[in-house]
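The block underneath contains the structure these notes are about, expressed in structure tokens.
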Amino acid sequence: METPDRIREFVRSNLAVFDDKVFLGDDDNIFALGLVDSFFAIQLIAFIEEEFGLKVADSDLDIANFNSMRRIAEFVNFKKGTADVKQL
Amino acid sequence: MNIMNEIKEIKCVVWDLDRTLWDGILLEGDPVSIPPVMSNIIKTLDQRGILHSIASKNDHKAAMEKIHEFGLDEYFLYPEINWNAKSSSIARIRDNLNIDADSIMFVDDEPYERDEVQSVHGDIMCVDARDRENLLALTRLNPRFVTEDSQRRRQMYLSEMTRKRVEDEFSGPRSEFLASMRMRFTITKATEKDLQRAQELTVRTNQLNTTGRTYTYDELKEYIRSPRHDLLICELEDKYGFYGKIGLALVEIGADCHHLRLFLMSCRVMSLGVGTVLLTNIMHRAKQSGRRLRADFRNTGRNRPMYITFKLSNFKEAESTEAGELVLENDLSILPPYPAYLDLIVSVAHG
């Protein structure tokens, strides 16, 4: 499936502390692990809106929707109206 | 405290070249020269902390050589000298400098070019080159404060350009690149000598500003004396130079609560991976003091990035006022660590 690959690529290339030695799993909490580069959140929301043509509403802005690559993919699928949550 | 509604100060003047910055038309073989009055305008505005750029339909090499001849090449950031529509040149300058269109002034002798730019960027102030010699007197080109930081502004952008080029050429992980910058991030309580810059930050910062409130010098002075407030200011330097004072926060210290009344960061630090260090520090301090952390947020129409930052730092909406202002609260259950790639120096006595 295409969506999670694009999300993986974005997350991995924009996390400051990411390097080849660190494995970031689809369920790892990217905020709690200290992997996040300051304004990563702003970049992430801009990426989701541009890449998938979605509008992220204020009420969607809950850390729980974005704290792992799987949650981000689920959120994107949910917003796209494909309510069935697909596997990564 | 005021809500910003006055006409905004100009941050960058974008110049046409032929018959605007200089007399004559370069490619028609005219003996063009930049008159001393124009050199003086460029240098004077630069001293006031106003940046310069170029949008000219011309031969890039020939035009830059001419500017170099007059010793002004270091004054123009991200010059756009090509055959593209000037509206698109200006859009690139705006994006490269990371400023809003309504803080740009465009000077050109051709009505057609001014109209073309205006039709795309309604907020830009377009000026006829015939008026060029009167520019220094314009209100919008006379900032209320000229601080050490404003005078260094162009140098900071030049270091930023070097840094970006090095980053583009860097092939390892981003963390290694950031570590190689040897960044030093300092958080201190503001003192009286910081107040002009603090005031300037509240006026100039739009996107990364939680309330858009501006404060007078005297109001800020009260806060640095008040035992119930911490006015925090931070500065950044790296191996390419000094970025100056780039962030500000006003924390009200209550009996059981730290209340963040204002938090702002200069847009220049967006790409440097240091944007939330100050917020992280404020979260850690509230946790250490055993108090709750609350924060004001006021939607100014352009500061959604700050709302996103709060929400994805685990702030939740606690209250909203009739005026549409929000109070957010953070239960401090998720405390982000500081980035490993910078040296953090905090000298803030606990209030």
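By convention in this document, the chains of the structure tokens carry letters A, B, ... by their order, each chain's residues are numbered from 1, and ligands are numbered from 1 in the order they are shown.
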
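Close contacts of His121 of chain B, defined as residues with an atom at most 10 Å away when counting only C-alpha atoms, with chain neighbours fewer than 2 positions off set aside, comprise Ser87, Ser88, Ile90, Ala91, Ala101, Asp102, Ile104, Asp115, Glu116, Val117, Gln118, Ser119, Asp123, Ile124, Met125 and Cys126 of chain B.
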
Close residues, Asn29 of chain A itself excluded, 8 Å, only C-alpha atoms, min 2 positions apart in chain, as a PyMOL selection string: chain A and resi 27+31-33+67-68

Filtering to C-alpha atoms, could you give me those residues as a PDB file, in the first residue's frame?
```pdb
ATOM      1  CA  ASP A  27       4.298   1.493  16.305  1.00  0.00           C
ATOM      2  CA  PHE A  31       7.103  11.944  20.282  1.00  0.00           C
ATOM      3  CA  ALA A  32       7.935  10.054  23.461  1.00  0.00           C
ATOM      4  CA  LEU A  33      11.183   8.624  22.101  1.00  0.00           C
ATOM      5  CA  ASN A  67       2.408   9.579  17.675  1.00  0.00           C
ATOM      6  CA  SER A  68       3.460   6.646  15.518  1.00  0.00           C
TER       7      SER A  68
END
```

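The neighbours of Val203 of chain B here are the residues that come within 9 Å of it, using only C-alpha atoms and leaving out any residue fewer than 4 positions away in the same chain; they are Met4, Lys8, Ala198, Gln199, Gly212, Arg213, Thr214 and Tyr215 of chain B.
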
File of the preceding selection, N, CA and C atoms, as a tab-separated table (two decimals), in the first residue's frame:
```tsv
chain	number	residue	atom	x	y	z
B	4	MET	N	-1.81	43.70	17.32
B	4	MET	CA	-1.19	44.33	16.15
B	4	MET	C	-2.24	44.66	15.08
B	8	LYS	N	2.23	47.41	8.80
B	8	LYS	CA	3.45	46.68	9.15
B	8	LYS	C	4.71	47.32	8.60
B	198	ALA	N	13.37	42.44	22.74
B	198	ALA	CA	12.17	41.68	23.12
B	198	ALA	C	10.93	42.33	22.53
B	199	GLN	N	10.88	43.65	22.61
B	199	GLN	CA	9.75	44.39	22.07
B	199	GLN	C	9.69	44.21	20.55
B	212	GLY	N	0.21	37.02	19.35
B	212	GLY	CA	0.26	38.26	18.55
B	212	GLY	C	0.17	39.51	19.40
B	213	ARG	N	0.24	39.36	20.72
B	213	ARG	CA	0.20	40.55	21.57
B	213	ARG	C	1.54	41.27	21.49
B	214	THR	N	1.47	42.59	21.43
B	214	THR	CA	2.72	43.35	21.49
B	214	THR	C	2.76	44.07	22.84
B	215	TYR	N	3.94	44.37	23.29
B	215	TYR	CA	4.09	44.98	24.61
B	215	TYR	C	4.95	46.24	24.51
```

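Going from atom CA of Ala179 of chain B over to atom CA of Asn303 of chain B, you cover 29.2 Å.
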
Within 9 Å of chain A: residues of chain B, using only C-alpha atoms, as number ranges by chain: B: 172-176, 178, 270-277, 304-309, 311-316, 334-341

Shell of 12 Å around segment 69-80 of chain A, only C-alpha atoms, local chain residues under 5 positions omitted, as a ChimeraX atom specification: /A:1-12,24-31,41,44-45,47-57,60-64,85-88

Residues within 12 Å of His52 of chain B, only C-alpha atoms, excluding chain neighbours under 4 positions, as a PyMOL selection string: chain B and resi 10-16+21+39+41-48+72-80+90+93-94+97+104-107+141+153-154+157

Atom CA of Ser289 of chain B to atom CA of Asp256 of chain B, straight-line distance in Å: 9.1 Å

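When atom CA of Leu344 of chain B is paired with atom CA of Phe23 of chain A, their separation reads 26.7 Å.
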
Residues within 7 Å of segment 56-59 of chain B, only C-alpha atoms, excluding chain neighbours under 2 positions, as a compact mmCIF listing (two decimals) with N, CA and C atoms, in the first residue's frame:
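Resulting contents of selection18.txt:
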```txt
# COMPACT_ATOMS: atom_id res chain seq x y z
N ASP B 16 14.09 46.56 -8.74
CA ASP B 16 14.41 46.41 -10.14
C ASP B 16 15.79 47.06 -10.34
N LEU B 17 16.45 46.77 -11.46
CA LEU B 17 17.78 47.35 -11.67
C LEU B 17 17.75 48.53 -12.65
N ILE B 54 16.61 41.61 -5.21
CA ILE B 54 16.49 42.13 -6.58
C ILE B 54 15.51 41.27 -7.36
N LYS B 61 24.78 37.41 -14.88
CA LYS B 61 26.21 37.61 -14.68
C LYS B 61 26.58 39.09 -14.85
N ALA B 62 26.11 39.67 -15.93
CA ALA B 62 26.46 41.07 -16.21
C ALA B 62 25.94 41.99 -15.11
N ALA B 63 24.72 41.70 -14.65
CA ALA B 63 24.13 42.57 -13.62
C ALA B 63 24.89 42.45 -12.30
N GLU B 80 17.00 37.75 -7.71
CA GLU B 80 16.34 37.05 -8.82
C GLU B 80 16.58 37.86 -10.07
N ILE B 81 17.59 37.48 -10.82
CA ILE B 81 17.91 38.20 -12.06
C ILE B 81 17.76 37.19 -13.20
N ASN B 82 16.64 37.25 -13.87
CA ASN B 82 16.31 36.25 -14.88
C ASN B 82 15.18 36.81 -15.74
N TRP B 83 14.54 35.96 -16.54
CA TRP B 83 13.50 36.48 -17.43
C TRP B 83 12.10 36.03 -17.00
```

Who sits within 12 Å of Asp194 of chain B, only C-alpha atoms, same chain under 2 positions skipped, as a PyMOL selection string: chain B and resi 147-149+188-192+196-201+217+220-221+224+231-235+244-248

Emit the selected residues as a PDB file, in the first residue's frame, including C-alpha atoms.
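Written file, selection14.pdb:
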```pdb
ATOM      1  CA  THR B 147      18.706  47.022  17.834  1.00  0.00           C
ATOM      2  CA  GLU B 148      21.986  45.200  17.661  1.00  0.00           C
ATOM      3  CA  ASP B 149      20.015  42.312  16.205  1.00  0.00           C
ATOM      4  CA  THR B 188      18.285  33.511  30.262  1.00  0.00           C
ATOM      5  CA  LYS B 189      15.975  35.856  32.091  1.00  0.00           C
ATOM      6  CA  ALA B 190      15.719  39.053  30.079  1.00  0.00           C
ATOM      7  CA  THR B 191      17.489  42.076  31.506  1.00  0.00           C
ATOM      8  CA  GLU B 192      16.933  45.706  30.679  1.00  0.00           C
ATOM      9  CA  GLN B 196      14.235  46.650  22.901  1.00  0.00           C
ATOM     10  CA  ARG B 197      14.937  43.390  21.132  1.00  0.00           C
ATOM     11  CA  ALA B 198      12.169  41.685  23.123  1.00  0.00           C
ATOM     12  CA  GLN B 199       9.748  44.390  22.073  1.00  0.00           C
ATOM     13  CA  GLU B 200      10.948  44.100  18.470  1.00  0.00           C
ATOM     14  CA  LEU B 201      10.351  40.338  18.537  1.00  0.00           C
ATOM     15  CA  TYR B 217       9.024  48.822  26.697  1.00  0.00           C
ATOM     16  CA  LEU B 220       8.206  44.524  29.619  1.00  0.00           C
ATOM     17  CA  LYS B 221      10.289  46.360  32.181  1.00  0.00           C
ATOM     18  CA  ILE B 224      11.470  41.742  34.496  1.00  0.00           C
ATOM     19  CA  LEU B 231      10.534  36.969  30.938  1.00  0.00           C
ATOM     20  CA  LEU B 232      12.774  34.468  29.190  1.00  0.00           C
ATOM     21  CA  ILE B 233      14.856  35.234  26.132  1.00  0.00           C
ATOM     22  CA  CYS B 234      17.010  32.842  24.165  1.00  0.00           C
ATOM     23  CA  GLU B 235      19.852  33.156  21.752  1.00  0.00           C
ATOM     24  CA  GLY B 244      21.117  36.672  17.914  1.00  0.00           C
ATOM     25  CA  LYS B 245      18.141  36.677  20.233  1.00  0.00           C
ATOM     26  CA  ILE B 246      15.617  34.477  18.532  1.00  0.00           C
ATOM     27  CA  GLY B 247      12.935  33.598  21.050  1.00  0.00           C
ATOM     28  CA  LEU B 248      10.909  35.027  23.897  1.00  0.00           C
TER      29      LEU B 248
END
```

Residues of segment 110-164 of chain B in strand (DSSP E or B), written as a list in words: Met125, Cys126, Val127 and Asp128 of chain B

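Of the listed residues (B:Leu250, B:Val269, B:Val348, B:Leu328), B:Val269 comes nearest to Glu160 of chain B; the distances count only C-alpha atoms.
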
Counting only C-alpha atoms, the option among B:Leu332, B:Leu27, B:Leu278, B:Val37 closest to Leu135 of chain B: B:Val37

Backbone DSSP call of helix (DSSP H, G or I) for segment 175-315 of chain B, listed as a PyMOL selection string: chain B and resi 175-180+192-204+217-225+267-272+277-288+304-311

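When only C-alpha atoms are used to compute distances to Leu262 of chain B, the closest of the residues B:Thr211, B:Asn299, B:Asn281, B:Ser226 turns out to be B:Thr211.
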